[in-house]
Every structure is written in structure tokens, then in C-alpha cells.
>>> print(open('model-v9.cif').read())   # mmCIF, C-alpha atoms
data_protein
#
loop_
_atom_site.group_PDB
_atom_site.id
_atom_site.type_symbol
_atom_site.label_atom_id
_atom_site.label_comp_id
_atom_site.auth_asym_id
_atom_site.auth_seq_id
_atom_site.Cartn_x
_atom_site.Cartn_y
_atom_site.Cartn_z
ATOM 1 C CA MET V 1 8.777 2.646 -19.460
ATOM 2 C CA LYS V 2 10.981 5.710 -19.768
ATOM 3 C CA GLN V 3 13.017 6.124 -16.629
ATOM 4 C CA ASP V 4 13.599 9.432 -14.954
ATOM 5 C CA THR V 5 16.719 11.129 -16.257
ATOM 6 C CA GLN V 6 19.592 12.802 -14.558
ATOM 7 C CA GLY V 7 19.699 16.531 -14.200
ATOM 8 C CA PRO V 8 21.386 19.333 -12.306
ATOM 9 C CA THR V 9 21.094 19.356 -8.592
ATOM 10 C CA GLY V 10 21.847 21.683 -5.689
ATOM 11 C CA THR V 11 25.297 22.442 -4.428
ATOM 12 C CA GLY V 12 25.025 21.232 -0.848
ATOM 13 C CA ARG V 13 23.675 18.342 1.205
ATOM 14 C CA GLU V 14 21.620 18.179 4.367
ATOM 15 C CA GLY V 15 21.911 15.353 6.825
ATOM 16 C CA ALA V 16 18.960 13.053 7.517
ATOM 17 C CA GLY V 17 17.077 13.692 10.741
ATOM 18 C CA ARG V 18 13.641 13.680 12.304
ATOM 19 C CA ASP V 19 11.009 16.389 12.048
ATOM 20 C CA GLY V 20 8.911 17.705 14.912
ATOM 21 C CA ALA V 21 6.548 14.736 14.610
ATOM 22 C CA GLY V 22 9.405 12.277 15.093
ATOM 23 C CA ARG V 23 9.412 11.053 11.506
ATOM 24 C CA PHE V 24 12.479 10.794 9.321
ATOM 25 C CA ARG V 25 13.162 13.678 6.959
ATOM 26 C CA VAL V 26 14.451 13.145 3.432
ATOM 27 C CA PRO V 27 17.630 15.189 2.834
ATOM 28 C CA ALA V 28 17.789 17.673 -0.029
ATOM 29 C CA GLN V 29 19.234 16.254 -3.248
ATOM 30 C CA PRO V 30 23.050 16.729 -3.189
ATOM 31 C CA ARG V 31 25.365 17.381 -6.137
ATOM 32 C CA ALA V 32 26.311 14.327 -8.174
ATOM 33 C CA GLN V 33 29.645 12.758 -7.261
ATOM 34 C CA GLY V 34 29.650 9.388 -8.987
ATOM 35 C CA ALA V 35 27.451 6.500 -9.973
ATOM 36 C CA ASP V 36 24.717 5.099 -7.768
ATOM 37 C CA ARG V 37 26.063 2.841 -5.050
ATOM 38 C CA GLU V 38 25.132 -0.812 -5.358
ATOM 39 C CA ARG V 39 25.859 -1.919 -1.809
ATOM 40 C CA VAL V 40 23.170 -1.933 0.854
ATOM 41 C CA ARG V 41 23.775 0.355 3.810
ATOM 42 C CA PRO V 42 22.190 0.160 7.274
ATOM 43 C CA ARG V 43 19.190 2.394 7.958
ATOM 44 C CA GLY V 44 20.187 5.860 9.011
ATOM 45 C CA ALA V 45 23.808 5.564 7.797
ATOM 46 C CA GLY V 46 25.362 8.621 6.201
ATOM 47 C CA GLY V 47 26.679 8.675 2.696
ATOM 48 C CA GLY V 48 27.825 10.732 -0.241
ATOM 49 C CA ALA V 49 25.762 12.374 -2.892
ATOM 50 C CA VAL V 50 23.761 10.522 -5.521
ATOM 51 C CA ARG V 51 22.776 11.442 -9.037
ATOM 52 C CA GLY V 52 19.251 11.764 -10.278
ATOM 53 C CA GLU V 53 16.211 13.920 -10.744
ATOM 54 C CA HIS V 54 15.483 17.415 -9.512
ATOM 55 C CA THR V 55 14.351 17.191 -5.930
ATOM 56 C CA HIS V 56 13.847 20.762 -4.764
ATOM 57 C CA GLY V 57 11.195 20.937 -2.069
ATOM 58 C CA GLU V 58 10.517 17.198 -1.881
ATOM 59 C CA PRO V 59 8.272 16.149 1.034
ATOM 60 C CA VAL V 60 9.183 14.065 4.044
ATOM 61 C CA VAL V 61 9.471 10.274 3.712
ATOM 62 C CA PRO V 62 10.279 8.118 6.748
ATOM 63 C CA SER V 63 13.133 5.635 6.662
ATOM 64 C CA PRO V 64 11.985 2.006 6.165
ATOM 65 C CA ARG V 65 11.710 -0.366 9.115
ATOM 66 C CA PRO V 66 13.345 -2.803 9.203
ATOM 67 C CA ALA V 67 16.354 -1.736 7.117
ATOM 68 C CA VAL V 68 16.329 -3.131 3.591
ATOM 69 C CA GLN V 69 18.552 -6.191 3.218
ATOM 70 C CA ARG V 70 20.436 -7.320 0.123
ATOM 71 C CA SER V 71 18.124 -10.253 -0.627
ATOM 72 C CA SER V 72 15.024 -9.297 -2.589
ATOM 73 C CA VAL V 73 15.817 -5.589 -2.371
ATOM 74 C CA ARG V 74 13.258 -4.634 -4.996
ATOM 75 C CA GLY V 75 10.497 -6.568 -3.222
ATOM 76 C CA GLN V 76 11.305 -5.011 0.136
ATOM 77 C CA VAL V 77 11.417 -1.516 -1.341
ATOM 78 C CA LEU V 78 8.094 -2.119 -3.107
ATOM 79 C CA ALA V 79 6.500 -3.321 0.133
ATOM 80 C CA ALA V 80 7.831 -0.291 2.003
ATOM 81 C CA LEU V 81 6.546 2.098 -0.661
ATOM 82 C CA ARG V 82 3.113 0.455 -0.600
ATOM 83 C CA THR V 83 3.036 0.920 3.162
ATOM 84 C CA ALA V 84 4.003 4.572 2.729
ATOM 85 C CA LEU V 85 1.109 4.995 0.294
ATOM 86 C CA VAL V 86 -1.392 3.560 2.774
ATOM 87 C CA THR V 87 -0.135 5.642 5.686
ATOM 88 C CA GLY V 88 0.018 8.820 3.610
ATOM 89 C CA ASP V 89 3.786 9.248 4.002
ATOM 90 C CA LEU V 90 3.840 9.333 0.199
ATOM 91 C CA ARG V 91 1.389 12.169 -0.298
ATOM 92 C CA PRO V 92 -1.011 12.492 -3.266
ATOM 93 C CA GLY V 93 0.193 15.067 -5.788
ATOM 94 C CA GLU V 94 3.798 15.116 -4.516
ATOM 95 C CA VAL V 95 6.770 14.179 -6.717
ATOM 96 C CA TYR V 96 9.463 11.814 -5.415
ATOM 97 C CA SER V 97 12.778 11.026 -7.101
ATOM 98 C CA ALA V 98 14.308 7.555 -7.110
ATOM 99 C CA PRO V 99 17.796 8.669 -5.996
ATOM 100 C CA VAL V 100 16.526 10.520 -2.921
ATOM 101 C CA LEU V 101 14.301 7.607 -1.911
ATOM 102 C CA ALA V 102 17.239 5.280 -2.539
ATOM 103 C CA GLU V 103 19.359 7.365 -0.179
ATOM 104 C CA ARG V 104 16.827 6.776 2.596
ATOM 105 C CA PHE V 105 16.653 3.032 1.876
ATOM 106 C CA GLY V 106 20.435 2.732 1.639
ATOM 107 C CA VAL V 107 20.353 1.105 -1.798
ATOM 108 C CA SER V 108 21.073 2.154 -5.370
ATOM 109 C CA ALA V 109 18.392 3.975 -7.324
ATOM 110 C CA THR V 110 17.792 0.957 -9.581
ATOM 111 C CA PRO V 111 15.548 -1.153 -7.268
ATOM 112 C CA VAL V 112 13.655 1.996 -6.274
ATOM 113 C CA ARG V 113 12.978 2.854 -9.926
ATOM 114 C CA GLU V 114 11.864 -0.734 -10.545
ATOM 115 C CA ALA V 115 9.500 -0.597 -7.568
ATOM 116 C CA MET V 116 8.145 2.762 -8.706
ATOM 117 C CA GLN V 117 7.608 1.366 -12.205
ATOM 118 C CA GLN V 118 5.521 -1.426 -10.665
ATOM 119 C CA LEU V 119 3.493 1.181 -8.781
ATOM 120 C CA THR V 120 3.020 3.000 -12.096
ATOM 121 C CA LEU V 121 1.510 -0.152 -13.586
ATOM 122 C CA GLU V 122 -0.771 -0.405 -10.556
ATOM 123 C CA GLY V 123 -1.908 3.189 -11.009
ATOM 124 C CA ALA V 124 -0.446 4.501 -7.752
ATOM 125 C CA VAL V 125 2.108 6.866 -9.290
ATOM 126 C CA GLU V 126 2.825 8.457 -12.660
ATOM 127 C CA VAL V 127 6.095 9.393 -14.334
ATOM 128 C CA VAL V 128 7.183 13.029 -14.304
ATOM 129 C CA PRO V 129 9.986 13.387 -16.906
ATOM 130 C CA ASN V 130 13.316 14.585 -15.500
ATOM 131 C CA ARG V 131 11.918 14.697 -11.965
ATOM 132 C CA GLY V 132 10.673 11.320 -10.779
ATOM 133 C CA PHE V 133 7.244 9.957 -9.881
ATOM 134 C CA ARG V 134 4.118 11.786 -8.766
ATOM 135 C CA VAL V 135 1.656 10.079 -6.404
ATOM 136 C CA VAL V 136 -1.699 9.974 -8.167
ATOM 137 C CA GLU V 137 -4.434 12.155 -6.690
ATOM 138 C CA ARG V 138 -7.668 10.249 -6.028
ATOM 139 C CA GLY V 139 -11.089 11.582 -5.207
ATOM 140 C CA THR V 140 -14.235 10.193 -3.610
ATOM 141 C CA ARG V 141 -15.686 9.254 -7.011
ATOM 142 C CA GLU V 142 -12.822 6.861 -7.745
ATOM 143 C CA LEU V 143 -13.195 5.322 -4.291
ATOM 144 C CA ALA V 144 -16.930 4.802 -4.880
ATOM 145 C CA GLU V 145 -16.207 3.221 -8.257
ATOM 146 C CA LEU V 146 -13.707 0.828 -6.690
ATOM 147 C CA ALA V 147 -16.251 -0.137 -4.021
ATOM 148 C CA GLU V 148 -18.829 -0.823 -6.739
ATOM 149 C CA VAL V 149 -16.458 -2.988 -8.760
ATOM 150 C CA ARG V 150 -15.390 -4.917 -5.672
ATOM 151 C CA ALA V 151 -19.017 -5.555 -4.768
ATOM 152 C CA LEU V 152 -19.824 -6.740 -8.294
ATOM 153 C CA ILE V 153 -16.964 -9.242 -8.108
ATOM 154 C CA GLU V 154 -16.963 -10.411 -4.504
ATOM 155 C CA VAL V 155 -20.607 -10.394 -3.396
ATOM 156 C CA PRO V 156 -21.779 -13.075 -5.893
ATOM 157 C CA VAL V 157 -18.778 -15.226 -5.003
ATOM 158 C CA MET V 158 -19.431 -14.963 -1.265
ATOM 159 C CA LEU V 159 -23.118 -15.728 -1.720
ATOM 160 C CA ARG V 160 -22.207 -18.853 -3.706
ATOM 161 C CA LEU V 161 -19.636 -19.879 -1.118
ATOM 162 C CA ALA V 162 -22.198 -19.396 1.660
ATOM 163 C CA ARG V 163 -24.309 -22.114 0.035
ATOM 164 C CA THR V 164 -21.473 -24.561 -0.614
ATOM 165 C CA VAL V 165 -18.692 -24.168 1.969
ATOM 166 C CA PRO V 166 -19.209 -26.176 5.188
ATOM 167 C CA ALA V 167 -19.255 -24.372 8.523
ATOM 168 C CA GLU V 168 -15.979 -25.900 9.682
ATOM 169 C CA ARG V 169 -14.115 -24.323 6.743
ATOM 170 C CA TRP V 170 -15.444 -20.895 7.697
ATOM 171 C CA ALA V 171 -14.449 -21.534 11.307
ATOM 172 C CA GLU V 172 -10.852 -22.034 10.138
ATOM 173 C CA LEU V 173 -10.811 -18.379 9.042
ATOM 174 C CA ARG V 174 -11.741 -17.132 12.512
ATOM 175 C CA PRO V 175 -8.082 -16.498 13.508
ATOM 176 C CA LEU V 176 -7.625 -14.263 10.464
ATOM 177 C CA ALA V 177 -10.738 -12.283 11.341
ATOM 178 C CA GLU V 178 -9.567 -11.898 14.930
ATOM 179 C CA ALA V 179 -6.145 -10.802 13.664
ATOM 180 C CA THR V 180 -7.795 -7.886 11.857
ATOM 181 C CA VAL V 181 -9.372 -6.787 15.148
ATOM 182 C CA ARG V 182 -5.989 -6.833 16.885
ATOM 183 C CA ALA V 183 -4.408 -4.936 13.991
ATOM 184 C CA ALA V 184 -7.168 -2.342 14.110
ATOM 185 C CA SER V 185 -6.723 -1.974 17.864
ATOM 186 C CA SER V 186 -3.100 -1.006 17.265
ATOM 187 C CA GLY V 187 -4.294 2.049 15.378
ATOM 188 C CA CYS V 188 -1.766 1.423 12.599
ATOM 189 C CA ARG V 189 -3.479 1.847 9.247
ATOM 190 C CA ALA V 190 -0.784 -0.078 7.357
ATOM 191 C CA THR V 191 -0.935 -3.066 9.733
ATOM 192 C CA TYR V 192 -4.707 -3.161 9.482
ATOM 193 C CA ALA V 193 -4.617 -2.860 5.685
ATOM 194 C CA GLU V 194 -2.363 -5.913 5.436
ATOM 195 C CA SER V 195 -4.488 -8.055 7.747
ATOM 196 C CA ASP V 196 -7.676 -6.883 6.015
ATOM 197 C CA ARG V 197 -6.360 -8.001 2.624
ATOM 198 C CA ALA V 198 -5.241 -11.337 4.094
ATOM 199 C CA PHE V 199 -8.733 -12.069 5.422
ATOM 200 C CA HIS V 200 -10.540 -11.165 2.205
ATOM 201 C CA SER V 201 -8.051 -13.133 0.110
ATOM 202 C CA ALA V 202 -8.539 -16.207 2.299
ATOM 203 C CA VAL V 203 -12.315 -15.982 1.888
ATOM 204 C CA LEU V 204 -12.116 -15.665 -1.900
ATOM 205 C CA ALA V 205 -9.477 -18.406 -2.126
ATOM 206 C CA LEU V 206 -12.187 -20.890 -1.146
ATOM 207 C CA ALA V 207 -13.624 -20.349 -4.633
ATOM 208 C CA GLY V 208 -10.507 -21.995 -6.094
ATOM 209 C CA ASN V 209 -9.938 -19.215 -8.643
ATOM 210 C CA GLU V 210 -6.436 -17.718 -8.452
ATOM 211 C CA GLN V 211 -7.221 -15.003 -11.000
ATOM 212 C CA LEU V 212 -10.175 -13.876 -8.913
ATOM 213 C CA VAL V 213 -7.983 -13.558 -5.832
ATOM 214 C CA ARG V 214 -5.306 -11.640 -7.738
ATOM 215 C CA ILE V 215 -7.755 -9.138 -9.243
ATOM 216 C CA ALA V 216 -9.579 -8.672 -5.935
ATOM 217 C CA GLU V 217 -6.289 -8.023 -4.116
ATOM 218 C CA ASP V 218 -5.342 -5.351 -6.650
ATOM 219 C CA LEU V 219 -8.710 -3.606 -6.266
ATOM 220 C CA HIS V 220 -8.470 -3.917 -2.484
ATOM 221 C CA ARG V 221 -4.993 -2.358 -2.388
ATOM 222 C CA ARG V 222 -6.101 0.562 -4.564
ATOM 223 C CA ALA V 223 -9.086 1.172 -2.311
ATOM 224 C CA GLN V 224 -6.715 1.605 0.639
ATOM 225 C CA TRP V 225 -4.747 4.509 -0.838
ATOM 226 C CA PRO V 226 -5.579 7.848 0.811
ATOM 227 C CA LEU V 227 -7.680 10.460 -0.946
ATOM 228 C CA VAL V 228 -6.240 13.786 -2.051
ATOM 229 C CA GLY V 229 -6.305 16.243 0.819
ATOM 230 C CA ALA V 230 -6.721 13.486 3.389
ATOM 231 C CA VAL V 231 -4.797 13.910 6.637
ATOM 232 C CA PRO V 232 -2.529 10.871 7.356
ATOM 233 C CA GLY V 233 -3.918 8.813 10.224
ATOM 234 C CA VAL V 234 -7.241 10.686 10.224
ATOM 235 C CA ARG V 235 -9.143 7.414 10.350
ATOM 236 C CA GLY V 236 -9.231 6.672 14.065
ATOM 237 C CA ARG V 237 -8.702 3.439 15.955
ATOM 238 C CA ALA V 238 -12.410 3.148 16.822
ATOM 239 C CA GLU V 239 -13.383 3.293 13.152
ATOM 240 C CA LEU V 240 -10.795 0.670 12.236
ATOM 241 C CA VAL V 241 -11.981 -1.616 15.041
ATOM 242 C CA ALA V 242 -15.610 -1.283 13.917
ATOM 243 C CA ASP V 243 -14.524 -2.149 10.381
ATOM 244 C CA ALA V 244 -12.593 -5.184 11.651
ATOM 245 C CA HIS V 245 -15.532 -6.509 13.657
ATOM 246 C CA GLU V 246 -17.487 -6.709 10.398
ATOM 247 C CA HIS V 247 -15.171 -9.587 9.479
ATOM 248 C CA THR V 248 -16.281 -11.698 12.432
ATOM 249 C CA ALA V 249 -19.905 -10.766 11.766
ATOM 250 C CA LEU V 250 -19.453 -11.815 8.136
ATOM 251 C CA LEU V 251 -18.112 -15.198 9.192
ATOM 252 C CA ASP V 252 -21.112 -15.695 11.471
ATOM 253 C CA ALA V 253 -23.450 -14.874 8.576
ATOM 254 C CA LEU V 254 -21.598 -17.207 6.205
ATOM 255 C CA ILE V 255 -21.764 -20.059 8.709
ATOM 256 C CA ALA V 256 -25.483 -19.438 9.203
ATOM 257 C CA GLU V 257 -25.988 -19.162 5.405
ATOM 258 C CA ASP V 258 -27.802 -15.870 6.000
ATOM 259 C CA LEU V 259 -27.455 -14.491 2.481
ATOM 260 C CA ASP V 260 -29.203 -11.175 3.172
ATOM 261 C CA VAL V 261 -26.809 -10.363 6.009
ATOM 262 C CA VAL V 262 -23.799 -11.417 3.906
ATOM 263 C CA ARG V 263 -24.893 -9.118 1.079
ATOM 264 C CA SER V 264 -25.492 -6.203 3.451
ATOM 265 C CA LEU V 265 -22.254 -6.620 5.398
ATOM 266 C CA VAL V 266 -20.024 -6.864 2.335
ATOM 267 C CA GLY V 267 -21.577 -3.787 0.761
ATOM 268 C CA GLU V 268 -21.153 -1.715 3.925
ATOM 269 C CA HIS V 269 -17.619 -2.997 4.410
ATOM 270 C CA PHE V 270 -16.499 -1.931 0.931
ATOM 271 C CA ASN V 271 -18.012 1.520 1.232
ATOM 272 C CA GLY V 272 -16.164 2.097 4.495
ATOM 273 C CA ALA V 273 -12.767 0.870 3.252
ATOM 274 C CA ALA V 274 -11.204 4.265 2.575
#
>>> encode(input="model-v9.cif", output="C-alpha cells")
Amino acid sequence: MKQDTQGPTGTGREGAGRDGAGRFRVPAQPRAQGADRERVRPRGAGGGAVRGEHTHGEPVVPSPRPAVQRSSVRGQVLAALRTALVTGDLRPGEVYSAPVLAERFGVSATPVREAMQQLTLEGAVEVVPNRGFRVVERGTRELAELAEVRALIEVPVMLRLARTVPAERWAELRPLAEATVRAASSGCRATYAESDRAFHSAVLALAGNEQLVRIAEDLHRRAQWPLVGAVPGVRGRAELVADAHEHTALLDALIAEDLDVVRSLVGEHFNGAA
């Protein structure tokens, strides 16, 4: 994939800080003064200018927590960017440059570009030549289509598993279901999204089909991205908790082999996943 190219930048640099909401602010793109640094710097450390795309008017992106370490830098950056997508810190329609994001992570632009390229393959962002990557804008129709596809894939599998998996195997998944309730109670959308995917993946893994789990996880992740115009954090704790309790209800229905309830719960759960 064609990488974003270098271009002229501003003539000054602003220090990183926090905005009125307490989140980290991405500094304006400074003038180029050398190649991208390869060493990893601690979160919040200052540094010189980096080279890269135009970044005038780029939106706020919080600094990653914990700070990115040298081992598996690309994977950690990718995970942090996926979290930022779920929370809305990477906003639909906005363009982000790899060098500026790299400055916040304290790494070179290379692992950030690689992570962004992976997100391009997943459909989360698109390349904007000479500027960086734009977060894809999604509407309610796409969300409904994802819910339909997920239902077409997962409902038949769960109904089959309800007839074949013994009750004690379902009981082993109870801790994962309860973990989603605790995550929802925290009010953190990203934490809940991770635990939600873990529960659904564990259920589908009982089918013994790795490709099924991989495809379902991809669809699940895409369903968790915010819609265009959505306010970050607008989905309240009570709504997340209600969604999480559907997991424990689903387990009860699977143990009881109540296929009608399983079908109903899964359908409702997918439609409320946004």
C-alpha cells in the first residue's frame, strides 16, 4: 500500500498537554529536523520535530497507557489505535498523520504506519495521499448490515452448540460472562468491548472452527466502531450493564437448551452492539 509521503510543515512546535477534559492533546506538526527516531521514549517525554504529512488542525488523541515498550511495538500501537477507535478518540472523518501519532507514542513513524495499514485492511481507516489516514465514517445502515451478517453466522452455530455441548462446558464460560458485567459497570467502553469479544469468541470456539472465530471477531470489532456524529462515551453505563447481562442470560438458555430464547437473545444482542 502506498505510504503517506513527506511534505512541508509549520515553522513552530507546541508542547503536549491536556485539554479542558483532561485528555492529552496532540501537538501541532513541527518542522522537519532529521529522520524519524527509532528509539522508544517514555510517555509524555518531550522531543524534537519529526517529518511527515501535513497535520494542520489535527484533532486531539490521548497518549497511550501504558507507555509503548520496545518489544512488539507495532502490536502495542495497533492495540492502542483500536482502543482509540472504540472510545471515539480517533474520530470518524478526521485525518491523522503517522508522524504526529508516533510523537505521542514515543516511537518512530514506521510502526504507526504499519498499524494504520492493518487498520486500512480492516476497513477502519483509508489512505489520504500526502496527509495520512482518515477514519472511515459509518452510518446506521452499515451497523445494521453487520448485525445481520453476524446473526447469519453465529445464530446457527449457537443453536447447534445448544444441542450438543454439555451443561458443564457452558458453566465454564460463566466467569467470562461475569467479567463482561464488571467491565460494563466500569463504564469504560473499550474495556467492555474487549471482554465482550472474549466471551463471544469463547462461545464460538466450542464449534472447533478457527476460521469461524477469526471472521466473527473481525465482524464484532467493526460493529464496535462509533458511528459518524456519535458523541464519545454517549452509551451510558446502564446500557452497557444491560447488554452484559444478556451474556449470562444466554448461558442460562444454552444450558437449558431453550433454542427460542437463544435465537431471540443473540438477535437482540447484535442489534444493540453499537
>>> residues_around(input="model-v9.cif", residues="range 149-161 of chain V", least_positions_apart="6", cutoff="9 Å", atoms="all atoms listed in the file", output="list of chain:residue names")
V:Val203, V:Leu204, V:Leu206, V:Ala207, V:Leu212, V:Ala216, V:Leu219, V:His220, V:Leu254, V:Glu257, V:Leu259, V:Val262, V:Arg263, V:Val266, V:Gly267, V:Phe270
>>> resolve_selection(input="model-v9.cif", expression="the PyMOL selection byres ((chain V and resi 117) around 12)", output="tab-separated table (two decimals) with C-alpha atoms, keeping the file's coordinate frame")
chain	number	residue	atom	x	y	z
V	1	MET	CA	8.78	2.65	-19.46
V	2	LYS	CA	10.98	5.71	-19.77
V	3	GLN	CA	13.02	6.12	-16.63
V	4	ASP	CA	13.60	9.43	-14.95
V	74	ARG	CA	13.26	-4.63	-5.00
V	77	VAL	CA	11.42	-1.52	-1.34
V	78	LEU	CA	8.09	-2.12	-3.11
V	81	LEU	CA	6.55	2.10	-0.66
V	98	ALA	CA	14.31	7.56	-7.11
V	110	THR	CA	17.79	0.96	-9.58
V	111	PRO	CA	15.55	-1.15	-7.27
V	112	VAL	CA	13.66	2.00	-6.27
V	113	ARG	CA	12.98	2.85	-9.93
V	114	GLU	CA	11.86	-0.73	-10.54
V	115	ALA	CA	9.50	-0.60	-7.57
V	116	MET	CA	8.14	2.76	-8.71
V	118	GLN	CA	5.52	-1.43	-10.66
V	119	LEU	CA	3.49	1.18	-8.78
V	120	THR	CA	3.02	3.00	-12.10
V	121	LEU	CA	1.51	-0.15	-13.59
V	122	GLU	CA	-0.77	-0.40	-10.56
V	123	GLY	CA	-1.91	3.19	-11.01
V	124	ALA	CA	-0.45	4.50	-7.75
V	125	VAL	CA	2.11	6.87	-9.29
V	126	GLU	CA	2.82	8.46	-12.66
V	127	VAL	CA	6.10	9.39	-14.33
V	128	VAL	CA	7.18	13.03	-14.30
V	132	GLY	CA	10.67	11.32	-10.78
V	133	PHE	CA	7.24	9.96	-9.88
V	134	ARG	CA	4.12	11.79	-8.77
>>> atom_distance(input="model-v9.cif", atom1="CA of Pro226 in chain V", atom2="CA of Val86 in chain V")
6.3 Å
>>> atom_distance(input="model-v9.cif", atom1="CA of Asp252 in chain V", atom2="CA of Glu268 in chain V")
15.9 Å
>>> resolve_selection(input="model-v9.cif", expression="the PyMOL selection byres ((chain V and resi 239-244) around 7)", output="compact mmCIF listing (two decimals) with C-alpha atoms, in the coordinates of the input")
# COMPACT_ATOMS: atom_id res chain seq x y z
CA THR V 180 -7.80 -7.89 11.86
CA VAL V 181 -9.37 -6.79 15.15
CA ALA V 184 -7.17 -2.34 14.11
CA SER V 185 -6.72 -1.97 17.86
CA ARG V 235 -9.14 7.41 10.35
CA GLY V 236 -9.23 6.67 14.06
CA ARG V 237 -8.70 3.44 15.96
CA ALA V 238 -12.41 3.15 16.82
CA HIS V 245 -15.53 -6.51 13.66
CA GLU V 246 -17.49 -6.71 10.40
CA HIS V 247 -15.17 -9.59 9.48
CA HIS V 269 -17.62 -3.00 4.41
>>> closest_residue(input="model-v9.cif", among="V:Arg222, V:Ser264, V:Glu194, V:Gly88", to="Glu145 in chain V", atoms="all atoms listed in the file")
V:Arg222
>>> decode(input="model-v9.cif", residues="range 201-216 of chain V", atoms="N, CA and C atoms", output="PDB file, in the first residue's frame")
ATOM      1  N   SER V 201     -16.064 -15.001  21.499  1.00  0.00           N
ATOM      2  CA  SER V 201     -15.066 -15.875  20.885  1.00  0.00           C
ATOM      3  C   SER V 201     -14.997 -17.218  21.606  1.00  0.00           C
ATOM      4  N   ALA V 202     -15.115 -17.198  22.925  1.00  0.00           N
ATOM      5  CA  ALA V 202     -15.076 -18.439  23.696  1.00  0.00           C
ATOM      6  C   ALA V 202     -16.273 -19.324  23.371  1.00  0.00           C
ATOM      7  N   VAL V 203     -17.432 -18.697  23.193  1.00  0.00           N
ATOM      8  CA  VAL V 203     -18.634 -19.472  22.831  1.00  0.00           C
ATOM      9  C   VAL V 203     -18.438 -20.135  21.468  1.00  0.00           C
ATOM     10  N   LEU V 204     -18.010 -19.347  20.479  1.00  0.00           N
ATOM     11  CA  LEU V 204     -17.860 -19.884  19.127  1.00  0.00           C
ATOM     12  C   LEU V 204     -16.711 -20.881  19.029  1.00  0.00           C
ATOM     13  N   ALA V 205     -15.710 -20.745  19.901  1.00  0.00           N
ATOM     14  CA  ALA V 205     -14.576 -21.668  19.872  1.00  0.00           C
ATOM     15  C   ALA V 205     -15.014 -23.104  20.162  1.00  0.00           C
ATOM     16  N   LEU V 206     -16.141 -23.266  20.835  1.00  0.00           N
ATOM     17  CA  LEU V 206     -16.633 -24.612  21.130  1.00  0.00           C
ATOM     18  C   LEU V 206     -17.034 -25.357  19.858  1.00  0.00           C
ATOM     19  N   ALA V 207     -17.192 -24.612  18.751  1.00  0.00           N
ATOM     20  CA  ALA V 207     -17.521 -25.257  17.482  1.00  0.00           C
ATOM     21  C   ALA V 207     -16.292 -25.892  16.846  1.00  0.00           C
ATOM     22  N   GLY V 208     -15.088 -25.533  17.342  1.00  0.00           N
ATOM     23  CA  GLY V 208     -13.865 -26.126  16.821  1.00  0.00           C
ATOM     24  C   GLY V 208     -13.466 -25.625  15.450  1.00  0.00           C
ATOM     25  N   ASN V 209     -13.934 -24.439  15.064  1.00  0.00           N
ATOM     26  CA  ASN V 209     -13.635 -23.882  13.745  1.00  0.00           C
ATOM     27  C   ASN V 209     -12.895 -22.562  13.927  1.00  0.00           C
ATOM     28  N   GLU V 210     -11.577 -22.572  13.725  1.00  0.00           N
ATOM     29  CA  GLU V 210     -10.767 -21.377  13.944  1.00  0.00           C
ATOM     30  C   GLU V 210     -11.114 -20.265  12.961  1.00  0.00           C
ATOM     31  N   GLN V 211     -11.442 -20.620  11.724  1.00  0.00           N
ATOM     32  CA  GLN V 211     -11.799 -19.609  10.736  1.00  0.00           C
ATOM     33  C   GLN V 211     -13.091 -18.896  11.125  1.00  0.00           C
ATOM     34  N   LEU V 212     -14.025 -19.645  11.673  1.00  0.00           N
ATOM     35  CA  LEU V 212     -15.270 -19.045  12.145  1.00  0.00           C
ATOM     36  C   LEU V 212     -14.993 -18.011  13.228  1.00  0.00           C
ATOM     37  N   VAL V 213     -14.148 -18.370  14.183  1.00  0.00           N
ATOM     38  CA  VAL V 213     -13.831 -17.452  15.275  1.00  0.00           C
ATOM     39  C   VAL V 213     -13.148 -16.201  14.745  1.00  0.00           C
ATOM     40  N   ARG V 214     -12.230 -16.371  13.802  1.00  0.00           N
ATOM     41  CA  ARG V 214     -11.487 -15.233  13.260  1.00  0.00           C
ATOM     42  C   ARG V 214     -12.416 -14.273  12.518  1.00  0.00           C
ATOM     43  N   ILE V 215     -13.289 -14.811  11.684  1.00  0.00           N
ATOM     44  CA  ILE V 215     -14.220 -13.964  10.927  1.00  0.00           C
ATOM     45  C   ILE V 215     -15.199 -13.266  11.864  1.00  0.00           C
ATOM     46  N   ALA V 216     -15.706 -14.002  12.851  1.00  0.00           N
ATOM     47  CA  ALA V 216     -16.658 -13.420  13.799  1.00  0.00           C
ATOM     48  C   ALA V 216     -16.008 -12.301  14.611  1.00  0.00           C
TER      49      ALA V 216
END
